[in-house]
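Structure data (TSV, C-alpha atoms) from model-v1.tsv:
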chain	number	residue	atom	x	y	z
A	11	MET	CA	-42.68	-28.76	-12.40
A	12	THR	CA	-41.65	-26.01	-9.97
A	13	ILE	CA	-38.36	-24.14	-10.07
A	14	GLN	CA	-37.36	-25.71	-6.79
A	15	THR	CA	-38.01	-29.20	-8.15
A	16	ARG	CA	-35.91	-28.50	-11.23
A	17	ILE	CA	-33.06	-27.18	-9.09
A	18	GLU	CA	-33.26	-30.20	-6.80
A	19	GLU	CA	-33.11	-32.51	-9.80
A	20	ALA	CA	-30.09	-30.63	-11.11
A	21	ALA	CA	-28.39	-31.00	-7.75
A	22	GLN	CA	-28.87	-34.77	-8.09
A	23	GLY	CA	-26.97	-34.79	-11.36
A	24	ASP	CA	-29.62	-34.33	-14.05
A	25	LYS	CA	-27.89	-33.50	-17.36
A	26	GLY	CA	-30.90	-32.05	-19.17
A	27	PHE	CA	-30.78	-28.52	-17.76
A	28	ALA	CA	-33.37	-29.54	-15.16
A	29	ALA	CA	-32.45	-26.48	-13.11
A	30	ARG	CA	-33.67	-24.09	-15.79
A	31	THR	CA	-35.42	-21.24	-14.03
A	32	ASN	CA	-38.35	-19.48	-15.60
A	33	PRO	CA	-36.76	-16.33	-17.09
A	34	ASP	CA	-40.07	-14.48	-16.72
A	35	GLU	CA	-40.36	-15.19	-13.01
A	36	VAL	CA	-39.25	-12.72	-10.32
A	37	ARG	CA	-39.09	-14.29	-6.86
A	38	HIS	CA	-38.50	-13.01	-3.34
A	39	ASP	CA	-38.54	-16.33	-1.47
A	40	TRP	CA	-35.24	-17.99	-2.33
A	41	THR	CA	-33.70	-20.44	0.13
A	42	ARG	CA	-30.02	-20.99	0.71
A	43	GLU	CA	-30.46	-24.62	-0.38
A	44	GLU	CA	-31.82	-23.49	-3.75
A	45	LEU	CA	-28.95	-21.07	-4.22
A	46	GLN	CA	-26.42	-23.75	-3.29
A	47	ALA	CA	-27.97	-26.11	-5.86
A	48	LEU	CA	-27.66	-23.42	-8.52
A	49	TYR	CA	-24.08	-22.60	-7.51
A	50	ASP	CA	-23.12	-26.30	-7.65
A	51	LEU	CA	-24.36	-26.87	-11.20
A	52	PRO	CA	-21.73	-27.87	-13.74
A	53	PHE	CA	-20.10	-24.63	-14.78
A	54	ASN	CA	-21.34	-24.67	-18.38
A	55	ASP	CA	-24.91	-25.40	-17.27
A	56	LEU	CA	-24.85	-22.54	-14.76
A	57	ILE	CA	-23.60	-20.07	-17.37
A	58	PHE	CA	-26.23	-21.32	-19.81
A	59	GLU	CA	-29.00	-20.75	-17.27
A	60	ALA	CA	-27.69	-17.27	-16.48
A	61	GLN	CA	-27.56	-16.40	-20.20
A	62	ILE	CA	-31.18	-17.45	-20.70
A	63	VAL	CA	-32.30	-15.13	-17.91
A	64	HIS	CA	-29.98	-12.33	-18.97
A	65	ARG	CA	-31.21	-12.30	-22.58
A	66	ARG	CA	-34.83	-12.25	-21.45
A	67	TRP	CA	-34.38	-8.88	-19.73
A	68	PHE	CA	-31.32	-7.22	-21.28
A	69	LYS	CA	-29.58	-6.85	-24.60
A	70	SER	CA	-26.85	-9.45	-24.66
A	71	ASN	CA	-23.91	-7.20	-25.53
A	72	GLU	CA	-24.64	-3.97	-23.65
A	73	VAL	CA	-22.82	-2.96	-20.46
A	74	GLN	CA	-23.62	0.10	-18.41
A	75	MET	CA	-20.66	2.43	-17.88
A	76	SER	CA	-20.45	4.20	-14.52
A	77	THR	CA	-17.83	6.45	-12.98
A	78	LEU	CA	-17.24	6.74	-9.24
A	79	LEU	CA	-15.82	9.83	-7.53
A	80	SER	CA	-14.88	10.22	-3.87
A	81	ILE	CA	-16.38	13.58	-2.94
A	82	LYS	CA	-15.21	13.33	0.68
A	83	THR	CA	-12.31	11.01	1.45
A	84	GLY	CA	-11.09	9.49	4.72
A	85	GLY	CA	-11.75	10.17	8.38
A	86	CYS	CA	-14.77	7.84	8.60
A	87	PRO	CA	-15.66	6.79	12.17
A	88	GLU	CA	-16.83	3.33	11.04
A	89	ASP	CA	-14.61	0.25	11.41
A	90	CYS	CA	-15.43	-1.64	8.20
A	91	GLY	CA	-12.54	-4.10	8.07
A	92	TYR	CA	-11.99	-3.72	4.32
A	93	CYS	CA	-11.93	0.07	4.11
A	94	ALA	CA	-8.83	2.28	3.94
A	95	GLN	CA	-10.98	5.34	4.74
A	96	SER	CA	-11.67	4.33	8.33
A	97	ALA	CA	-10.13	6.65	10.92
A	98	LYS	CA	-9.62	3.59	13.12
A	99	PHE	CA	-6.92	2.10	10.87
A	100	ASP	CA	-3.44	3.36	10.03
A	101	THR	CA	-3.55	3.31	6.23
A	102	GLY	CA	-1.71	6.56	5.52
A	103	LEU	CA	-4.82	8.09	3.97
A	104	LYS	CA	-5.41	11.72	4.84
A	105	ALA	CA	-8.96	12.93	5.46
A	106	SER	CA	-10.37	15.60	3.17
A	107	LYS	CA	-13.33	17.94	3.26
A	108	LEU	CA	-16.39	17.69	1.03
A	109	MET	CA	-15.49	18.74	-2.53
A	110	GLU	CA	-16.85	21.95	-3.96
A	111	VAL	CA	-19.88	21.54	-6.20
A	112	GLU	CA	-18.25	23.02	-9.31
A	113	LYS	CA	-15.25	20.69	-9.02
A	114	VAL	CA	-17.58	17.68	-8.84
A	115	LEU	CA	-19.53	18.90	-11.87
A	116	ALA	CA	-16.30	19.40	-13.81
A	117	GLU	CA	-15.28	15.79	-13.05
A	118	ALA	CA	-18.72	14.59	-14.15
A	119	ARG	CA	-18.39	16.38	-17.49
A	120	ARG	CA	-15.07	14.63	-18.11
A	121	ALA	CA	-16.63	11.27	-17.22
A	122	LYS	CA	-19.49	11.85	-19.65
A	123	GLU	CA	-17.03	12.73	-22.42
A	124	ALA	CA	-15.23	9.44	-21.67
A	125	GLY	CA	-18.44	7.48	-22.18
A	126	ALA	CA	-19.97	7.16	-18.69
A	127	THR	CA	-23.78	7.28	-18.50
A	128	ARG	CA	-24.06	7.09	-14.69
A	129	TYR	CA	-22.09	9.22	-12.24
A	130	CYS	CA	-21.63	7.85	-8.73
A	131	MET	CA	-20.40	9.89	-5.77
A	132	GLY	CA	-19.20	8.54	-2.44
A	133	ALA	CA	-18.48	10.26	0.86
A	134	ALA	CA	-16.65	8.65	3.80
A	135	TRP	CA	-19.29	9.30	6.45
A	136	ARG	CA	-21.27	7.24	8.94
A	137	GLU	CA	-24.10	9.52	7.87
A	138	PRO	CA	-24.18	12.99	6.26
A	139	LYS	CA	-24.78	16.08	8.34
A	140	ASP	CA	-27.83	18.14	7.48
A	141	ARG	CA	-25.60	21.13	6.75
A	142	ASP	CA	-24.00	19.20	3.87
A	143	MET	CA	-27.25	18.38	2.12
A	144	ASP	CA	-27.49	21.64	0.14
A	145	MET	CA	-24.17	20.95	-1.60
A	146	ILE	CA	-24.98	17.28	-2.14
A	147	CYS	CA	-28.35	18.07	-3.69
A	148	ALA	CA	-26.73	20.72	-5.91
A	149	MET	CA	-24.30	18.07	-7.19
A	150	VAL	CA	-27.19	15.75	-8.04
A	151	SER	CA	-29.17	18.47	-9.81
A	152	GLY	CA	-26.15	19.68	-11.78
A	153	ILE	CA	-25.25	16.21	-13.03
A	154	LYS	CA	-28.87	15.45	-13.89
A	155	ASP	CA	-28.85	18.58	-16.07
A	156	MET	CA	-26.01	16.96	-18.07
A	157	GLY	CA	-28.29	14.05	-18.94
A	158	MET	CA	-26.47	11.51	-16.76
A	159	GLU	CA	-27.90	9.15	-14.17
A	160	THR	CA	-26.86	9.97	-10.62
A	161	CYS	CA	-25.92	7.77	-7.69
A	162	MET	CA	-24.82	8.68	-4.16
A	163	THR	CA	-23.34	6.63	-1.32
A	164	LEU	CA	-23.25	8.62	1.91
A	165	GLY	CA	-23.80	6.05	4.65
A	166	MET	CA	-26.97	5.89	6.71
A	167	LEU	CA	-29.74	8.40	6.01
A	168	SER	CA	-32.56	9.95	7.99
A	169	GLY	CA	-36.03	10.14	6.52
A	170	GLN	CA	-35.67	13.86	5.87
A	171	GLN	CA	-32.33	13.39	4.10
A	172	VAL	CA	-33.82	10.71	1.86
A	173	HIS	CA	-36.70	13.07	1.03
A	174	ARG	CA	-34.27	15.83	0.02
A	175	LEU	CA	-32.31	13.49	-2.22
A	176	ALA	CA	-35.53	12.38	-3.89
A	177	GLN	CA	-36.54	16.01	-4.40
A	178	SER	CA	-33.20	16.70	-6.07
A	179	GLY	CA	-33.89	13.89	-8.55
A	180	LEU	CA	-31.34	11.34	-7.34
A	181	ASP	CA	-31.66	8.20	-9.46
A	182	TYR	CA	-29.82	5.66	-7.30
A	183	TYR	CA	-28.65	5.35	-3.72
A	184	ASN	CA	-25.87	2.86	-2.99
A	185	HIS	CA	-25.76	1.14	0.37
A	186	ASN	CA	-24.15	-2.31	0.29
A	187	ILE	CA	-25.03	-5.01	2.80
A	188	ASP	CA	-21.47	-6.33	2.30
A	189	THR	CA	-21.96	-9.96	3.38
A	190	SER	CA	-24.39	-12.34	5.05
A	191	GLU	CA	-26.15	-11.31	8.24
A	192	GLU	CA	-24.31	-14.07	10.11
A	193	TYR	CA	-20.82	-13.02	9.01
A	194	TYR	CA	-21.44	-9.28	9.14
A	195	PRO	CA	-20.33	-8.75	12.82
A	196	LYS	CA	-16.92	-10.21	11.94
A	197	VAL	CA	-16.35	-7.38	9.46
A	198	ILE	CA	-18.09	-4.37	11.03
A	199	SER	CA	-19.02	-3.52	14.62
A	200	THR	CA	-20.00	0.17	14.41
A	201	ARG	CA	-23.35	-0.45	12.72
A	202	THR	CA	-25.58	-3.48	12.39
A	203	PHE	CA	-26.86	-5.43	9.43
A	204	GLN	CA	-30.34	-4.19	10.32
A	205	ASP	CA	-29.10	-0.58	10.18
A	206	ARG	CA	-28.26	-1.15	6.54
A	207	LEU	CA	-31.62	-2.74	5.79
A	208	ASP	CA	-33.38	0.19	7.48
A	209	THR	CA	-31.59	2.70	5.22
A	210	LEU	CA	-32.46	0.63	2.15
A	211	GLU	CA	-36.10	0.64	3.22
A	212	ARG	CA	-36.14	4.44	3.57
A	213	VAL	CA	-34.57	4.82	0.13
A	214	ARG	CA	-36.98	2.35	-1.45
A	215	ASN	CA	-40.01	3.98	0.14
A	216	ALA	CA	-38.91	7.38	-1.20
A	217	GLY	CA	-39.02	6.02	-4.75
A	218	ILE	CA	-35.25	6.15	-5.30
A	219	ASN	CA	-33.63	3.20	-7.05
A	220	VAL	CA	-31.61	0.99	-4.72
A	221	CYS	CA	-28.02	0.02	-5.49
A	222	SER	CA	-26.91	-2.66	-3.04
A	223	GLY	CA	-24.53	-5.58	-3.23
A	224	GLY	CA	-21.64	-7.07	-1.35
A	225	ILE	CA	-17.98	-8.02	-1.21
A	226	VAL	CA	-16.45	-11.42	-1.87
A	227	GLY	CA	-13.11	-12.38	-0.34
A	228	MET	CA	-13.29	-11.18	3.27
A	229	GLY	CA	-12.74	-14.63	4.77
A	230	GLU	CA	-16.40	-15.56	4.53
A	231	SER	CA	-17.63	-19.05	3.67
A	232	GLN	CA	-19.36	-20.00	0.44
A	233	SER	CA	-22.59	-20.22	2.44
A	234	ASP	CA	-22.08	-16.62	3.61
A	235	ARG	CA	-21.62	-15.47	0.02
A	236	LEU	CA	-24.87	-17.10	-1.00
A	237	GLY	CA	-26.53	-15.74	2.15
A	238	MET	CA	-25.61	-12.23	1.02
A	239	LEU	CA	-27.23	-12.82	-2.38
A	240	MET	CA	-30.28	-14.39	-0.73
A	241	ALA	CA	-30.75	-11.35	1.54
A	242	LEU	CA	-30.74	-9.05	-1.50
A	243	ALA	CA	-33.02	-11.26	-3.61
A	244	ASN	CA	-35.56	-11.59	-0.81
A	245	LEU	CA	-35.99	-7.85	-0.21
A	246	PRO	CA	-39.50	-6.53	-1.00
A	247	GLU	CA	-38.03	-5.24	-4.27
A	248	HIS	CA	-34.81	-6.44	-5.82
A	249	PRO	CA	-32.14	-3.72	-5.88
A	250	GLN	CA	-32.23	-2.13	-9.31
A	251	SER	CA	-28.42	-2.29	-9.28
A	252	VAL	CA	-26.37	-5.07	-7.62
A	253	PRO	CA	-22.60	-4.46	-7.39
A	254	ILE	CA	-20.56	-7.61	-6.72
A	255	ASN	CA	-17.14	-6.56	-5.44
A	256	MET	CA	-14.03	-8.68	-5.18
A	257	LEU	CA	-12.04	-7.49	-2.17
A	258	MET	CA	-9.13	-5.20	-2.99
A	259	PRO	CA	-6.92	-5.76	0.10
A	260	MET	CA	-5.86	-2.40	1.50
A	261	GLU	CA	-2.65	-2.13	3.51
A	262	GLY	CA	-3.28	-1.23	7.14
A	263	THR	CA	-6.80	-2.64	7.28
A	264	PRO	CA	-7.74	-5.84	9.17
A	265	LEU	CA	-8.44	-7.53	5.84
A	266	GLY	CA	-5.31	-6.27	4.15
A	267	LEU	CA	-3.75	-9.74	3.90
A	268	SER	CA	-6.83	-11.61	2.71
A	269	GLU	CA	-6.40	-14.39	0.17
A	270	LYS	CA	-7.46	-13.84	-3.42
A	271	VAL	CA	-10.82	-15.25	-4.48
A	272	ASP	CA	-10.80	-18.18	-6.91
A	273	PRO	CA	-11.71	-16.69	-10.32
A	274	LEU	CA	-14.31	-19.32	-11.22
A	275	ASP	CA	-15.93	-19.08	-7.78
A	276	PHE	CA	-16.40	-15.37	-8.42
A	277	VAL	CA	-17.94	-16.03	-11.85
A	278	ARG	CA	-20.38	-18.46	-10.23
A	279	MET	CA	-21.46	-15.70	-7.85
A	280	ILE	CA	-22.20	-13.41	-10.79
A	281	ALA	CA	-24.26	-16.12	-12.47
A	282	VAL	CA	-26.32	-16.86	-9.37
A	283	ALA	CA	-26.96	-13.15	-8.85
A	284	ARG	CA	-28.17	-12.84	-12.44
A	285	ILE	CA	-30.55	-15.80	-12.13
A	286	ILE	CA	-32.17	-14.83	-8.84
A	287	MET	CA	-32.37	-11.07	-9.56
A	288	PRO	CA	-33.24	-11.21	-13.27
A	289	GLN	CA	-34.25	-7.57	-13.78
A	290	SER	CA	-31.36	-6.04	-11.86
A	291	VAL	CA	-28.23	-4.57	-13.40
A	292	VAL	CA	-25.41	-6.74	-12.00
A	293	ARG	CA	-22.26	-4.69	-11.68
A	294	LEU	CA	-18.78	-6.13	-11.93
A	295	ALA	CA	-17.45	-3.64	-9.40
A	296	ALA	CA	-14.26	-3.45	-7.32
A	297	GLY	CA	-11.53	-5.96	-8.05
A	298	ARG	CA	-11.39	-5.79	-11.83
A	299	GLU	CA	-7.81	-4.54	-11.51
A	300	LEU	CA	-6.97	-8.04	-10.21
A	301	MET	CA	-8.93	-9.91	-12.90
A	302	SER	CA	-7.66	-11.24	-16.21
A	303	ASP	CA	-9.45	-10.35	-19.43
A	304	GLU	CA	-10.65	-13.95	-19.54
A	305	GLN	CA	-12.23	-13.76	-16.09
A	306	GLN	CA	-14.00	-10.53	-16.93
A	307	ALA	CA	-15.29	-12.05	-20.18
A	308	LEU	CA	-16.71	-14.99	-18.23
A	309	CYS	CA	-18.37	-12.56	-15.82
A	310	PHE	CA	-20.09	-10.84	-18.76
A	311	MET	CA	-21.19	-14.26	-20.04
A	312	ALA	CA	-22.56	-14.99	-16.56
A	313	GLY	CA	-24.76	-11.89	-16.66
A	314	ALA	CA	-22.69	-8.97	-15.41
A	315	ASN	CA	-23.75	-5.88	-17.36
A	316	SER	CA	-22.28	-2.90	-15.56
A	317	ILE	CA	-18.74	-1.75	-14.78
A	318	PHE	CA	-17.00	1.28	-13.35
A	319	VAL	CA	-14.80	3.12	-15.82
A	320	GLY	CA	-12.00	5.40	-14.68
A	321	ASP	CA	-8.65	4.79	-13.03
A	322	LYS	CA	-9.85	4.80	-9.41
A	323	LEU	CA	-12.72	3.51	-7.25
A	324	LEU	CA	-12.67	5.77	-4.19
A	325	THR	CA	-9.21	4.72	-2.95
A	326	ALA	CA	-8.72	1.49	-4.95
A	327	LYS	CA	-7.21	1.08	-8.41
A	328	ASN	CA	-9.37	0.37	-11.45
A	329	PRO	CA	-8.34	-0.63	-14.99
A	330	GLU	CA	-7.34	2.28	-17.21
A	331	ALA	CA	-9.86	3.49	-19.77
A	332	ASP	CA	-7.76	2.36	-22.75
A	333	LYS	CA	-7.49	-1.16	-21.34
A	334	ASP	CA	-11.25	-1.34	-20.85
A	335	ARG	CA	-11.89	-0.03	-24.34
A	336	VAL	CA	-9.66	-2.68	-25.92
A	337	LEU	CA	-11.31	-5.48	-23.95
A	338	LEU	CA	-14.87	-4.35	-24.68
A	339	ASP	CA	-14.06	-3.92	-28.37
A	340	LYS	CA	-12.66	-7.45	-28.48
A	341	LEU	CA	-15.87	-8.77	-26.93
A	342	GLY	CA	-18.18	-6.67	-29.10
A	343	ILE	CA	-19.69	-4.98	-26.04
A	344	VAL	CA	-21.16	-1.49	-26.30
A	345	SER	CA	-22.37	1.07	-23.76
A	346	MET	CA	-25.87	0.66	-22.36
A	347	PRO	CA	-28.06	3.78	-22.74
A	348	ALA	CA	-29.20	5.54	-19.58
A	349	HIS	CA	-32.37	4.27	-17.91
A	350	SER	CA	-32.30	0.81	-19.50
A	351	CYS	CA	-32.84	-1.27	-16.36
A	352	PRO	CA	-36.19	-3.14	-16.69
A	353	SER	CA	-37.11	-2.57	-13.04
A	354	GLU	CA	-35.74	0.97	-12.76
A	355	LYS	CA	-37.93	3.56	-11.10
A	356	LYS	CA	-38.11	6.74	-13.10
A	357	VAL	CA	-37.08	9.32	-10.54
A	358	SER	CA	-37.86	12.94	-11.32
A	359	ALA	CA	-37.16	16.19	-9.54
A	360	ASP	CA	-40.83	17.17	-9.55
A	361	ARG	CA	-41.97	14.43	-7.19
Mind converting the file's structure to structure tokens?
Amino acid sequence: MTIQTRIEEAAQGDKGFAARTNPDEVRHDWTREELQALYDLPFNDLIFEAQIVHRRWFKSNEVQMSTLLSIKTGGCPEDCGYCAQSAKFDTGLKASKLMEVEKVLAEARRAKEAGATRYCMGAAWREPKDRDMDMICAMVSGIKDMGMETCMTLGMLSGQQVHRLAQSGLDYYNHNIDTSEEYYPKVISTRTFQDRLDTLERVRNAGINVCSGGIVGMGESQSDRLGMLMALANLPEHPQSVPINMLMPMEGTPLGLSEKVDPLDFVRMIAVARIIMPQSVVRLAAGRELMSDEQQALCFMAGANSIFVGDKLLTAKNPEADKDRVLLDKLGIVSMPAHSCPSEKKVSADR
């Protein structure tokens, strides 16, 4: 019996876990109908399926701890409707210059002492300028020397810029697709969905791990949400890291008054992501500040195994470290060691 047949039977009301996917199988040909059938499973059955897949590839009670720092804030020429850093919106955020390398390294040391194993850096650019690459590569090299994984999100990249990042030993490059290809123009007009796919291809071809996910709660339909997951799962390689963000409405942005996402709908998205991208680290990213402990616990049950730690995500709030520590201790969850992703490419500076 094929996976599709089992999912179709489940959609017709089978009570014997007929949707059970093969936890050893990695696919790149998912259809939206298959994803909808998974999403529509009874909640307990969906979580059960996600747990089977999760435990095949990951330790059940490990979560990767990442910290995110804005190394260049505000003044971005893009018009992403969710982002307070766009120069096109009046959000009261002042633009800053690129941080000095030593200041970034000092922040990374503090993050490592607080338990982070991956350090992520974001700059509010459409794309970096070549003159900034020396400082960016020095940040990557310096943090690598501390024994931490590194991740950058800098916007679109040229082939030469990707090559330099690979040479510096960058482990991950984050470039979210945000939403489905159909809904994308309703959120962003200054770059296309294909622009994002092109950058992901350059990163992938350079041997750097891809970090790419999306945002839930921007007014999109359920079909759009599943379309976003389908686009990621059907890439030539699954992103090694998949952040699922719940929109944090930012005052002054076009999406600043968006309605809150239903908590169980969000958990279902995590579960579907886990099932269709079994080897990827699924990150419970932005929006945890708005989630109850119970919702976060359900997300971990559904297969989420990465979070950001620290009090801020670029310009959005994040739960305080003490609050995270109490919750994780209650759940018996411990920090995942660096380089534990089954599909992770081992990036080295001597490539």
Task: Straight-line distance linking atom CA of A:Glu230 with atom CA of A:Leu267, stated in Å to one decimal - done: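 Separating atom CA of A:Glu230 from atom CA of A:Leu267 is a distance of 13.9 Å.
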- [ ] Determine the nearest neighbour of A:His173 from the options A:Ser80, A:Gly224, A:Asn215, A:Leu341, counting all atoms listed in the file.
- [x] A:Asn215
Open item on the list: Given all atoms listed in the file as the basis, pick out the residue of A:Gln289, A:Tyr194, A:Glu44, A:Pro273 nearest to A:Gln306.
Closed with: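 Closest to A:Gln306 of all the choices is A:Pro273.
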- [ ] Find the spatial neighbours of stretch 61-76 of chain A, counting all atoms listed in the file, within a cut-off of 9 Å - ignore same-chain residues fewer than 3 positions away - and output them as an MDAnalysis selection string.
- [x] chainID A and resid 30:34 56:58 121 125:130 159 281 284:285 288:291 293 310:320 341:348 350:352
Open item on the list: What does the structure give for the distance between atom CA of A:Ala97 and atom CA of A:Ala134, in Å to one decimal?
Closed with: 9.9 Å
Task: A:Met228, A:Met287, A:Arg298, A:Met131 ranked by distance to A:Ile198, top pick (using all atoms listed in the file) - done: A:Met228
To box stretch 34-47 of chain A, take all atoms listed in the file, fit an axis-aligned box, add 4 Å on each side, and give centre and edge lengths in Å to one decimal, as lines of an AutoDock Vina configuration file.
center_x = -33.4
center_y = -19.4
center_z = -8.0
size_x = 21.9
size_y = 21.4
size_z = 25.4
- [ ] Find, counting only C-alpha atoms, the residue in A:Asn184, A:Gln204, A:Thr263, A:Ser190 that gets nearest to A:Tyr92.
- [x]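 Answer, going by the shortest atom-to-atom distance: A:Thr263.
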Task: Contacts of stretch 255-257 of chain A within 7 Å, all atoms listed in the file, excl. fewer than 3 positions in-chain, as number ranges by chain - done: A: 224-228, 294-297
Task: Interatomic distance (Å, one decimal) between atom CA of A:Ala148 and atom CA of A:Ser251 - done: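 Atom-to-atom, atom CA of A:Ala148 to atom CA of A:Ser251, that is 23.3 Å.
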Task: Shortest interatomic distance to A:Pro87 - which of A:Ala124, A:Leu210, A:Ala105, A:Val36, counting only C-alpha atoms - done: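 With only C-alpha atoms as the atom set, the closest residue is A:Ala105.
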Open item on the list: My list of candidates is A:Cys161, A:Ala116, A:Val172, A:Leu103. Which is closest to A:Asp140 when distances are computed with all atoms listed in the file?
Closed with: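 Answer, going by the shortest atom-to-atom distance: A:Val172.
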Open item on the list: So that I can see what lies close to stretch 216-222 of chain A, please list as number ranges by chain the residues with an atom at most 7 Å from it, counting only C-alpha atoms and leaving out residues fewer than 6 positions away in the same chain.
Closed with: A: 172-173, 176, 180-187, 210, 249-253, 354-355, 357
